[in-house]
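Data block below; observations after.
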Amino acid sequence: MRSLTELYKIGSGPSSSHTMGPEKAARIFKSENDDADQFKALIYGSLAKTGRGHMTDKAIIRALSPVRTEIQFVPQADFVLPHPNTMDLFAYKDGRQTTSMRAVSIGGGDIVIEGREETLGPEVYPENSFAAISTLCKANHIRLSDYVEQCEGKQIWGFLQGIWETMKRSIDEGLSVTGILEGGLQVERKAKYLQQQHMDESPETRENRIVSAYAFAVNEQNAAAGTVVTAPTCGASGVVPAALRYMQEKMQVPDEQVLRALAVGGLIGNLVKQNASISGAQCGCQAEVGTACSMASAALAELSGMEIDQIEYAAEVAMEHHLGLTCDPINGLVQIPCIERNAVGAMRAINALSLAKFLSGTRKISFDLVVQTMYETGLDMNSRYRETSEGGLAKLYRMDS
């Protein structure tokens, strides 16, 4: 598996696969064709079907600016796509096409360029399953966070400190803003409202309100193309920071412990990315918020000092109960149901933590098995429910309105 530095990325929303990935591909293409006087981008599949809502065209134009760029959305390609998020870039000079490049955005801001697998970074983790990692850690009497340090080096803590600071900043910025999000749905920012304490609220109500406020804050920032951290994607970027920020404040633990939690959460995200997918266009929202919930629950378990089997149980429960979750964003915007869904995912991570404290000894399903199940479920899922805005809420909302 590759480094956590390729999982946690700082970037602009609203979508790691539909904006960050295409923009990265376009920047590479521009750097290789600095003499071009015109560019064209053909955007296929899921990228085309939700591209305007996800600002895919704006991201590509921004990357290729100031050179004149033509964008064409091609929802139904006349060839078999290598991935739902496929795009072709063309460079021109004096009216003549000089070169082209095909890229696929595989999720989390990562891309693969046809014929250039080297665009992905080197592998730093020898083990590729939770079972193998667990066996190694138990044999050497080390925690999962120690394993991360062994593979990544001590520099990983400085990187994760920057990630954590960005996560906290996205919460703070989101909590400070009110108004209507762009896109035409008239979705109002609610994070600041959720900060307001209700009269006679119970401790449970307070927990739900604060966790939700933090998740709303991040995902409202994401929807507004603000700066967030992919955890593992932009669309699911609120789950991990909301759960960790709340629990850090509740437990009064220092950042050093939160960084170890982020390391364990990242390890879980890496395993899903390696063995399945974190792309909503490929496997639905179970791959995004489902993975984020697994990451958050494992991180919280590490923060609580739980053992490896308990951490695995927390991550497995979190993923298992997101299986089959569809990705059907209304109008292709990362607003409905995405913002609320991150709050629910963060609260569910806390619930999974609670179960893991008591029931890990009764576990029947391994984390590796539930990841494989998620992947197969995603591939079996009708394409209408995989980030195309052609089914579910996206379809019925248009009909109702």
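Residues are referred to by chain and number: the chain letter is A, B, ... according to the order shown in the structure tokens, the number counts from 1 in that chain, and ligands are numbered separately from 1 in the order shown.
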
As a list of chain:residue names, please: the residues near stretch 245-255 of chain A (cut-off 10 Å, only C-alpha atoms, same-chain neighbours under 4 positions excluded). A:Gln161, A:Trp164, A:Glu165, A:Met167, A:Lys168, A:Ile171, A:Glu207, A:Asn208, A:Ile210, A:Val211, A:Ser212, A:Ala213, A:Tyr214, A:Ala215, A:Val240, A:Pro241, A:Leu259, A:Arg260, A:Ala261, A:Leu300, A:Leu303, A:Ser304, A:Ala346, A:Ile350

Would you write out those residues with N, CA, C and O atoms, as a CSV table (one decimal), in the first residue's frame?
chain,number,residue,atom,x,y,z
A,161,GLN,N,0.3,16.3,11.5
A,161,GLN,CA,0.0,17.6,12.2
A,161,GLN,C,-0.6,18.6,11.3
A,161,GLN,O,-1.6,19.3,11.7
A,164,TRP,N,-4.2,17.6,10.5
A,164,TRP,CA,-5.1,17.9,11.6
A,164,TRP,C,-5.4,19.4,11.8
A,164,TRP,O,-6.5,19.8,12.0
A,165,GLU,N,-4.3,20.2,11.6
A,165,GLU,CA,-4.6,21.7,11.6
A,165,GLU,C,-5.5,22.1,10.5
A,165,GLU,O,-6.4,23.0,10.8
A,167,MET,N,-7.8,20.2,9.1
A,167,MET,CA,-9.2,19.7,9.5
A,167,MET,C,-9.8,20.7,10.5
A,167,MET,O,-11.0,21.0,10.4
A,168,LYS,N,-9.1,21.1,11.5
A,168,LYS,CA,-9.7,21.9,12.5
A,168,LYS,C,-10.0,23.3,12.0
A,168,LYS,O,-11.1,23.9,12.3
A,171,ILE,N,-13.3,23.2,10.1
A,171,ILE,CA,-14.4,23.2,11.0
A,171,ILE,C,-14.7,24.7,11.5
A,171,ILE,O,-15.8,25.2,11.4
A,207,GLU,N,-24.2,16.0,22.5
A,207,GLU,CA,-23.2,15.3,21.7
A,207,GLU,C,-23.6,15.2,20.2
A,207,GLU,O,-22.8,15.6,19.4
A,208,ASN,N,-24.8,14.8,20.0
A,208,ASN,CA,-25.2,14.8,18.6
A,208,ASN,C,-25.2,16.1,17.9
A,208,ASN,O,-24.8,16.3,16.7
A,210,ILE,N,-23.3,18.8,18.6
A,210,ILE,CA,-21.9,19.3,18.4
A,210,ILE,C,-21.2,18.5,17.3
A,210,ILE,O,-20.6,19.1,16.4
A,211,VAL,N,-21.3,17.2,17.3
A,211,VAL,CA,-20.7,16.4,16.3
A,211,VAL,C,-21.3,16.8,14.9
A,211,VAL,O,-20.6,16.9,13.9
A,212,SER,N,-22.6,17.0,14.9
A,212,SER,CA,-23.3,17.3,13.6
A,212,SER,C,-22.8,18.7,13.2
A,212,SER,O,-22.6,19.0,12.0
A,213,ALA,N,-22.7,19.6,14.1
A,213,ALA,CA,-22.2,21.0,13.8
A,213,ALA,C,-20.8,20.9,13.1
A,213,ALA,O,-20.6,21.6,12.1
A,214,TYR,N,-19.9,20.1,13.7
A,214,TYR,CA,-18.6,20.0,13.1
A,214,TYR,C,-18.6,19.4,11.7
A,214,TYR,O,-17.9,19.9,10.8
A,215,ALA,N,-19.4,18.4,11.5
A,215,ALA,CA,-19.5,17.7,10.2
A,215,ALA,C,-20.1,18.6,9.2
A,215,ALA,O,-19.7,18.7,8.1
A,240,VAL,N,-14.4,12.2,9.7
A,240,VAL,CA,-13.3,12.0,10.5
A,240,VAL,C,-13.0,13.3,11.4
A,240,VAL,O,-12.8,13.1,12.6
A,241,PRO,N,-12.9,14.5,10.8
A,241,PRO,CA,-12.6,15.6,11.7
A,241,PRO,C,-13.7,15.9,12.7
A,241,PRO,O,-13.4,16.3,13.9
A,259,LEU,N,-3.0,12.6,16.5
A,259,LEU,CA,-2.2,12.2,15.3
A,259,LEU,C,-2.1,10.7,15.2
A,259,LEU,O,-2.1,10.2,14.1
A,260,ARG,N,-1.9,10.0,16.3
A,260,ARG,CA,-1.9,8.5,16.2
A,260,ARG,C,-3.2,8.0,15.8
A,260,ARG,O,-3.3,7.0,15.1
A,261,ALA,N,-4.3,8.6,16.2
A,261,ALA,CA,-5.6,8.2,15.8
A,261,ALA,C,-5.8,8.4,14.3
A,261,ALA,O,-6.3,7.6,13.6
A,300,LEU,N,-11.1,6.7,16.6
A,300,LEU,CA,-11.6,6.9,17.9
A,300,LEU,C,-11.2,5.7,18.8
A,300,LEU,O,-10.9,5.9,20.0
A,303,LEU,N,-7.7,6.4,19.8
A,303,LEU,CA,-7.7,7.5,20.7
A,303,LEU,C,-8.1,7.0,22.1
A,303,LEU,O,-7.6,7.5,23.1
A,304,SER,N,-9.0,6.0,22.2
A,304,SER,CA,-9.4,5.4,23.5
A,304,SER,C,-8.5,4.4,24.0
A,304,SER,O,-8.8,3.8,25.1
A,346,ALA,N,-20.5,10.5,11.2
A,346,ALA,CA,-19.7,10.8,12.3
A,346,ALA,C,-20.3,10.3,13.6
A,346,ALA,O,-19.7,9.7,14.5
A,350,ILE,N,-19.1,7.0,16.4
A,350,ILE,CA,-19.1,7.0,17.8
A,350,ILE,C,-19.9,5.8,18.3
A,350,ILE,O,-19.6,5.1,19.3

Residues within 10 Å of A:Phe367, please, as an mmCIF file with N, CA and C atoms, in the first residue's frame. Count only C-alpha atoms; anything in the same chain fewer than 3 positions from it doesn't count.
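See selection-v1.cif below for the written result:
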data_model
loop_
_atom_site.group_PDB
_atom_site.id
_atom_site.type_symbol
_atom_site.label_atom_id
_atom_site.label_comp_id
_atom_site.auth_asym_id
_atom_site.auth_seq_id
_atom_site.Cartn_x
_atom_site.Cartn_y
_atom_site.Cartn_z
ATOM 1 N N SER A 129 -3.448 -6.343 3.869
ATOM 2 C CA SER A 129 -4.710 -6.741 4.484
ATOM 3 C C SER A 129 -4.645 -6.429 5.973
ATOM 4 N N PHE A 130 -5.812 -6.238 6.569
ATOM 5 C CA PHE A 130 -5.820 -6.003 8.010
ATOM 6 C C PHE A 130 -5.334 -7.236 8.750
ATOM 7 N N ALA A 131 -5.693 -8.409 8.248
ATOM 8 C CA ALA A 131 -5.278 -9.648 8.906
ATOM 9 C C ALA A 131 -3.759 -9.743 8.991
ATOM 10 N N ILE A 268 -6.821 2.358 7.833
ATOM 11 C CA ILE A 268 -8.095 1.744 7.433
ATOM 12 C C ILE A 268 -8.519 2.256 6.055
ATOM 13 N N LEU A 271 -6.475 0.629 3.342
ATOM 14 C CA LEU A 271 -6.858 -0.756 3.050
ATOM 15 C C LEU A 271 -8.072 -0.808 2.124
ATOM 16 N N VAL A 272 -9.034 0.084 2.351
ATOM 17 C CA VAL A 272 -10.197 0.134 1.457
ATOM 18 C C VAL A 272 -9.764 0.587 0.066
ATOM 19 N N SER A 294 -15.656 4.127 8.809
ATOM 20 C CA SER A 294 -14.706 3.122 9.273
ATOM 21 C C SER A 294 -13.416 3.765 9.765
ATOM 22 N N ILE A 311 -10.285 -2.375 17.616
ATOM 23 C CA ILE A 311 -10.189 -1.405 16.518
ATOM 24 C C ILE A 311 -10.758 -2.005 15.239
ATOM 25 N N GLU A 312 -10.424 -3.264 14.981
ATOM 26 C CA GLU A 312 -10.955 -3.925 13.789
ATOM 27 C C GLU A 312 -12.474 -4.026 13.858
ATOM 28 N N TYR A 313 -12.986 -4.376 15.022
ATOM 29 C CA TYR A 313 -14.436 -4.527 15.156
ATOM 30 C C TYR A 313 -15.142 -3.199 14.908
ATOM 31 N N ALA A 314 -14.591 -2.118 15.450
ATOM 32 C CA ALA A 314 -15.191 -0.800 15.248
ATOM 33 C C ALA A 314 -15.235 -0.441 13.766
ATOM 34 N N ALA A 315 -14.120 -0.671 13.070
ATOM 35 C CA ALA A 315 -14.051 -0.348 11.646
ATOM 36 C C ALA A 315 -14.982 -1.229 10.832
ATOM 37 N N GLU A 316 -15.077 -2.512 11.216
ATOM 38 C CA GLU A 316 -15.927 -3.449 10.475
ATOM 39 C C GLU A 316 -17.406 -3.111 10.646
ATOM 40 N N VAL A 317 -17.818 -2.826 11.885
ATOM 41 C CA VAL A 317 -19.213 -2.462 12.138
ATOM 42 C C VAL A 317 -19.584 -1.212 11.341
ATOM 43 N N ALA A 318 -18.698 -0.238 11.345
ATOM 44 C CA ALA A 318 -18.969 1.017 10.656
ATOM 45 C C ALA A 318 -19.198 0.798 9.162
ATOM 46 N N MET A 319 -18.385 -0.043 8.546
ATOM 47 C CA MET A 319 -18.535 -0.299 7.116
ATOM 48 C C MET A 319 -19.743 -1.194 6.842
ATOM 49 N N GLU A 320 -19.922 -2.216 7.651
ATOM 50 C CA GLU A 320 -20.989 -3.189 7.401
ATOM 51 C C GLU A 320 -22.351 -2.524 7.305
ATOM 52 N N LYS A 364 -17.879 -11.945 14.202
ATOM 53 C CA LYS A 364 -17.886 -13.028 13.226
ATOM 54 C C LYS A 364 -17.337 -12.582 11.866
ATOM 55 N N VAL A 370 -15.520 -7.528 5.026
ATOM 56 C CA VAL A 370 -16.533 -6.503 4.783
ATOM 57 C C VAL A 370 -16.073 -5.534 3.694
ATOM 58 N N VAL A 371 -14.757 -5.317 3.569
ATOM 59 C CA VAL A 371 -14.246 -4.479 2.482
ATOM 60 C C VAL A 371 -14.481 -5.157 1.136
ATOM 61 N N GLN A 372 -14.195 -6.444 1.065
ATOM 62 C CA GLN A 372 -14.460 -7.189 -0.169
ATOM 63 C C GLN A 372 -15.955 -7.155 -0.512
ATOM 64 N N THR A 373 -16.789 -7.293 0.508
ATOM 65 C CA THR A 373 -18.238 -7.257 0.299
ATOM 66 C C THR A 373 -18.677 -5.903 -0.229
#

Can you list, as a PyMOL selection string, every protein, DNA or RNA residue that comes within 7 Å of A:Pro14 when you count only C-alpha atoms, leaving out same-chain residues fewer than 4 positions away? chain A and resi 19+54+222-225+234-235+334

(message) I'd like the neighbourhood of A:Pro82 as a PyMOL selection string, where a residue qualifies if any of its atoms comes within 10 Å (using only C-alpha atoms), though same-chain residues fewer than 4 positions away should be ignored.
(response) chain A and resi 86+103-104+114

Nearest candidate to A:Ala139 (options A:Ile308, A:Ala243, A:Ala217, A:Ala41; using only C-alpha atoms):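 Checking each candidate against A:Ala139, we get A:Ile308 as the closest.
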
Applying 12 Å and only C-alpha atoms, which residues near A:Pro84 remain after dropping the ones on its own chain fewer than 6 positions away? List them as a PyMOL selection string. chain A and resi 17-18+43-50+74-77+103-107+279-284+379+383-384+386-388

One decimal place gives the atom CA of A:Glu173-atom CA of A:Phe216 separation as 11.2 Å

| request: Enumerate as a PyMOL selection string all residues of stretch 137-301 of chain A assigned to alpha helix (DSSP H) by DSSP on the backbone, naming them with the chain letters and numbers the document uses. | output: chain A and resi 137-140+144-152+155-175+191-194+203-223+239-251+255-275+280-283+289-301

Could you pull the residues within 10 Å of stretch 132-137 of chain A, counting only C-alpha atoms, minus those fewer than 4 positions along the same chain, as a PDB file with all heavy atoms, in the first residue's frame?
ATOM      1  N   TYR A 125       3.917   0.213   2.439  1.00  0.00           N
ATOM      2  CA  TYR A 125       3.414  -0.787   3.374  1.00  0.00           C
ATOM      3  C   TYR A 125       3.515  -2.169   2.737  1.00  0.00           C
ATOM      4  O   TYR A 125       2.859  -2.432   1.726  1.00  0.00           O
ATOM      5  CB  TYR A 125       1.953  -0.498   3.740  1.00  0.00           C
ATOM      6  CG  TYR A 125       1.765   0.753   4.555  1.00  0.00           C
ATOM      7  CD1 TYR A 125       1.512   1.978   3.933  1.00  0.00           C
ATOM      8  CD2 TYR A 125       1.837   0.725   5.941  1.00  0.00           C
ATOM      9  CE1 TYR A 125       1.338   3.124   4.675  1.00  0.00           C
ATOM     10  CE2 TYR A 125       1.665   1.874   6.698  1.00  0.00           C
ATOM     11  CZ  TYR A 125       1.417   3.075   6.057  1.00  0.00           C
ATOM     12  OH  TYR A 125       1.250   4.222   6.804  1.00  0.00           O
ATOM     13  N   PRO A 126       4.322  -3.065   3.289  1.00  0.00           N
ATOM     14  CA  PRO A 126       4.448  -4.418   2.709  1.00  0.00           C
ATOM     15  C   PRO A 126       3.161  -5.222   2.810  1.00  0.00           C
ATOM     16  O   PRO A 126       2.868  -6.049   1.942  1.00  0.00           O
ATOM     17  CB  PRO A 126       5.562  -5.058   3.545  1.00  0.00           C
ATOM     18  CG  PRO A 126       6.267  -3.921   4.218  1.00  0.00           C
ATOM     19  CD  PRO A 126       5.242  -2.846   4.417  1.00  0.00           C
ATOM     20  N   GLU A 127       2.388  -5.009   3.868  1.00  0.00           N
ATOM     21  CA  GLU A 127       1.166  -5.776   4.068  1.00  0.00           C
ATOM     22  C   GLU A 127      -0.009  -5.099   3.369  1.00  0.00           C
ATOM     23  O   GLU A 127      -0.093  -3.869   3.319  1.00  0.00           O
ATOM     24  CB  GLU A 127       0.857  -5.916   5.564  1.00  0.00           C
ATOM     25  CG  GLU A 127       1.786  -6.852   6.311  1.00  0.00           C
ATOM     26  CD  GLU A 127       3.189  -6.298   6.488  1.00  0.00           C
ATOM     27  OE1 GLU A 127       3.328  -5.066   6.643  1.00  0.00           O
ATOM     28  OE2 GLU A 127       4.159  -7.084   6.474  1.00  0.00           O
ATOM     29  N   ASN A 128      -0.917  -5.928   2.844  1.00  0.00           N
ATOM     30  CA  ASN A 128      -2.056  -5.397   2.088  1.00  0.00           C
ATOM     31  C   ASN A 128      -3.408  -5.830   2.645  1.00  0.00           C
ATOM     32  O   ASN A 128      -4.422  -5.700   1.968  1.00  0.00           O
ATOM     33  CB  ASN A 128      -1.962  -5.836   0.626  1.00  0.00           C
ATOM     34  CG  ASN A 128      -0.851  -5.113  -0.114  1.00  0.00           C
ATOM     35  OD1 ASN A 128      -0.668  -3.919   0.056  1.00  0.00           O
ATOM     36  ND2 ASN A 128      -0.096  -5.851  -0.910  1.00  0.00           N
ATOM     37  N   HIS A 141       4.274  -7.016  19.338  1.00  0.00           N
ATOM     38  CA  HIS A 141       3.759  -6.284  20.499  1.00  0.00           C
ATOM     39  C   HIS A 141       3.780  -4.769  20.266  1.00  0.00           C
ATOM     40  O   HIS A 141       4.244  -3.992  21.114  1.00  0.00           O
ATOM     41  CB  HIS A 141       4.552  -6.644  21.762  1.00  0.00           C
ATOM     42  CG  HIS A 141       4.617  -8.116  22.017  1.00  0.00           C
ATOM     43  ND1 HIS A 141       3.533  -8.853  22.452  1.00  0.00           N
ATOM     44  CD2 HIS A 141       5.642  -9.013  21.864  1.00  0.00           C
ATOM     45  CE1 HIS A 141       3.884 -10.125  22.585  1.00  0.00           C
ATOM     46  NE2 HIS A 141       5.150 -10.257  22.221  1.00  0.00           N
ATOM     47  N   ILE A 142       3.294  -4.368  19.122  1.00  0.00           N
ATOM     48  CA  ILE A 142       3.209  -2.939  18.794  1.00  0.00           C
ATOM     49  C   ILE A 142       1.775  -2.585  18.420  1.00  0.00           C
ATOM     50  O   ILE A 142       0.977  -3.442  18.044  1.00  0.00           O
ATOM     51  CB  ILE A 142       4.153  -2.558  17.630  1.00  0.00           C
ATOM     52  CG1 ILE A 142       3.789  -3.326  16.350  1.00  0.00           C
ATOM     53  CG2 ILE A 142       5.610  -2.783  18.014  1.00  0.00           C
ATOM     54  CD1 ILE A 142       4.566  -2.867  15.121  1.00  0.00           C
ATOM     55  N   ARG A 143       1.467  -1.300  18.531  1.00  0.00           N
ATOM     56  CA  ARG A 143       0.151  -0.814  18.149  1.00  0.00           C
ATOM     57  C   ARG A 143       0.118  -0.511  16.644  1.00  0.00           C
ATOM     58  O   ARG A 143       1.166  -0.407  15.990  1.00  0.00           O
ATOM     59  CB  ARG A 143      -0.226   0.441  18.946  1.00  0.00           C
ATOM     60  CG  ARG A 143      -0.318   0.186  20.452  1.00  0.00           C
ATOM     61  CD  ARG A 143      -0.923   1.375  21.176  1.00  0.00           C
ATOM     62  NE  ARG A 143      -2.315   1.620  20.771  1.00  0.00           N
ATOM     63  CZ  ARG A 143      -3.362   0.956  21.258  1.00  0.00           C
ATOM     64  NH1 ARG A 143      -3.178  -0.022  22.152  1.00  0.00           N
ATOM     65  NH2 ARG A 143      -4.582   1.244  20.847  1.00  0.00           N
ATOM     66  N   LEU A 144      -1.069  -0.351  16.106  1.00  0.00           N
ATOM     67  CA  LEU A 144      -1.214  -0.043  14.685  1.00  0.00           C
ATOM     68  C   LEU A 144      -0.533   1.274  14.336  1.00  0.00           C
ATOM     69  O   LEU A 144       0.057   1.417  13.264  1.00  0.00           O
ATOM     70  CB  LEU A 144      -2.699   0.024  14.303  1.00  0.00           C
ATOM     71  CG  LEU A 144      -3.474  -1.288  14.351  1.00  0.00           C
ATOM     72  CD1 LEU A 144      -4.958  -1.037  14.138  1.00  0.00           C
ATOM     73  CD2 LEU A 144      -2.956  -2.279  13.311  1.00  0.00           C
ATOM     74  N   SER A 145      -0.589   2.239  15.251  1.00  0.00           N
ATOM     75  CA  SER A 145       0.064   3.527  14.992  1.00  0.00           C
ATOM     76  C   SER A 145       1.580   3.380  14.958  1.00  0.00           C
ATOM     77  O   SER A 145       2.275   4.102  14.214  1.00  0.00           O
ATOM     78  CB  SER A 145      -0.351   4.560  16.035  1.00  0.00           C
ATOM     79  OG  SER A 145      -0.120   4.088  17.347  1.00  0.00           O
ATOM     80  N   ASP A 146       2.128   2.448  15.748  1.00  0.00           N
ATOM     81  CA  ASP A 146       3.574   2.174  15.683  1.00  0.00           C
ATOM     82  C   ASP A 146       3.933   1.567  14.325  1.00  0.00           C
ATOM     83  O   ASP A 146       4.988   1.875  13.762  1.00  0.00           O
ATOM     84  CB  ASP A 146       3.981   1.208  16.802  1.00  0.00           C
ATOM     85  CG  ASP A 146       3.746   1.771  18.186  1.00  0.00           C
ATOM     86  OD1 ASP A 146       3.960   2.983  18.378  1.00  0.00           O
ATOM     87  OD2 ASP A 146       3.325   1.005  19.077  1.00  0.00           O
ATOM     88  N   TYR A 147       3.063   0.698  13.842  1.00  0.00           N
ATOM     89  CA  TYR A 147       3.279   0.089  12.526  1.00  0.00           C
ATOM     90  C   TYR A 147       3.324   1.155  11.445  1.00  0.00           C
ATOM     91  O   TYR A 147       4.179   1.109  10.546  1.00  0.00           O
ATOM     92  CB  TYR A 147       2.173  -0.924  12.255  1.00  0.00           C
ATOM     93  CG  TYR A 147       2.110  -1.441  10.840  1.00  0.00           C
ATOM     94  CD1 TYR A 147       3.013  -2.402  10.385  1.00  0.00           C
ATOM     95  CD2 TYR A 147       1.141  -0.974   9.952  1.00  0.00           C
ATOM     96  CE1 TYR A 147       2.954  -2.881   9.079  1.00  0.00           C
ATOM     97  CE2 TYR A 147       1.070  -1.450   8.658  1.00  0.00           C
ATOM     98  CZ  TYR A 147       1.974  -2.404   8.217  1.00  0.00           C
ATOM     99  OH  TYR A 147       1.909  -2.876   6.923  1.00  0.00           O
ATOM    100  N   LEU A 267      -4.779   4.254   7.966  1.00  0.00           N
ATOM    101  CA  LEU A 267      -4.452   2.871   7.613  1.00  0.00           C
ATOM    102  C   LEU A 267      -5.712   2.131   7.145  1.00  0.00           C
ATOM    103  O   LEU A 267      -5.679   1.385   6.152  1.00  0.00           O
ATOM    104  CB  LEU A 267      -3.840   2.165   8.824  1.00  0.00           C
ATOM    105  CG  LEU A 267      -3.222   0.792   8.611  1.00  0.00           C
ATOM    106  CD1 LEU A 267      -2.060   0.858   7.628  1.00  0.00           C
ATOM    107  CD2 LEU A 267      -2.751   0.216   9.949  1.00  0.00           C
ATOM    108  N   ILE A 308      -6.136  -4.081  19.208  1.00  0.00           N
ATOM    109  CA  ILE A 308      -6.259  -4.239  17.760  1.00  0.00           C
ATOM    110  C   ILE A 308      -7.582  -4.886  17.366  1.00  0.00           C
ATOM    111  O   ILE A 308      -8.245  -4.451  16.424  1.00  0.00           O
ATOM    112  CB  ILE A 308      -5.063  -5.038  17.203  1.00  0.00           C
ATOM    113  CG1 ILE A 308      -3.787  -4.197  17.289  1.00  0.00           C
ATOM    114  CG2 ILE A 308      -5.322  -5.455  15.745  1.00  0.00           C
ATOM    115  CD1 ILE A 308      -2.539  -4.927  16.851  1.00  0.00           C
ATOM    116  N   ASP A 309      -7.979  -5.933  18.080  1.00  0.00           N
ATOM    117  CA  ASP A 309      -9.231  -6.604  17.733  1.00  0.00           C
ATOM    118  C   ASP A 309     -10.435  -5.680  17.911  1.00  0.00           C
ATOM    119  O   ASP A 309     -11.408  -5.750  17.147  1.00  0.00           O
ATOM    120  CB  ASP A 309      -9.423  -7.855  18.589  1.00  0.00           C
ATOM    121  CG  ASP A 309      -8.471  -8.976  18.190  1.00  0.00           C
ATOM    122  OD1 ASP A 309      -7.870  -8.886  17.092  1.00  0.00           O
ATOM    123  OD2 ASP A 309      -8.320  -9.932  18.976  1.00  0.00           O
ATOM    124  N   GLU A 312     -10.424  -3.264  14.981  1.00  0.00           N
ATOM    125  CA  GLU A 312     -10.955  -3.925  13.789  1.00  0.00           C
ATOM    126  C   GLU A 312     -12.474  -4.026  13.858  1.00  0.00           C
ATOM    127  O   GLU A 312     -13.170  -3.780  12.858  1.00  0.00           O
ATOM    128  CB  GLU A 312     -10.358  -5.326  13.625  1.00  0.00           C
ATOM    129  CG  GLU A 312     -10.919  -6.045  12.397  1.00  0.00           C
ATOM    130  CD  GLU A 312     -10.346  -7.429  12.170  1.00  0.00           C
ATOM    131  OE1 GLU A 312      -9.612  -7.927  13.043  1.00  0.00           O
ATOM    132  OE2 GLU A 312     -10.638  -8.018  11.103  1.00  0.00           O
TER     133      GLU A 312
END

For A:Glu149, the closest of A:Ile10, A:Ile330, A:Leu262, A:Ile163 counting only C-alpha atoms is A:Leu262

_Considering only strand (DSSP E or B) as DSSP defines it on the backbone, what residues of stretch 62-146 of chain A qualify? List them as JSON, numbers by chain._
{"A": [68, 69, 70, 71, 72, 73, 74, 86, 87, 88, 89, 90, 91, 92, 93, 96, 97, 98, 99, 100, 101, 102, 103, 104, 105, 106, 107, 110, 111, 112, 113, 116, 123]}

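For the residues A:Gly324, A:Gly391, A:Gly13, A:Gly332, ranking by smallest atom-to-atom distance to A:Gly238 using only C-alpha atoms places A:Gly13 first.
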
re atom CA of A:Ser100 and atom CA of A:Ser277: distance 27.1 Å

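Computed from the coordinates, the atom CA of A:Met374 to atom CA of A:Arg52 distance equals 28.1 Å.
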
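You can rank A:Lys154, A:Arg116, A:Lys395, A:Arg206 by their closest distance to A:Ala263 using only C-alpha atoms, and at the top of that list sits A:Lys154.
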
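Considering only C-alpha atoms, the residue among A:Trp157, A:Tyr193, A:Phe29, A:Phe358 positioned nearest to A:Asp88 is A:Phe29.
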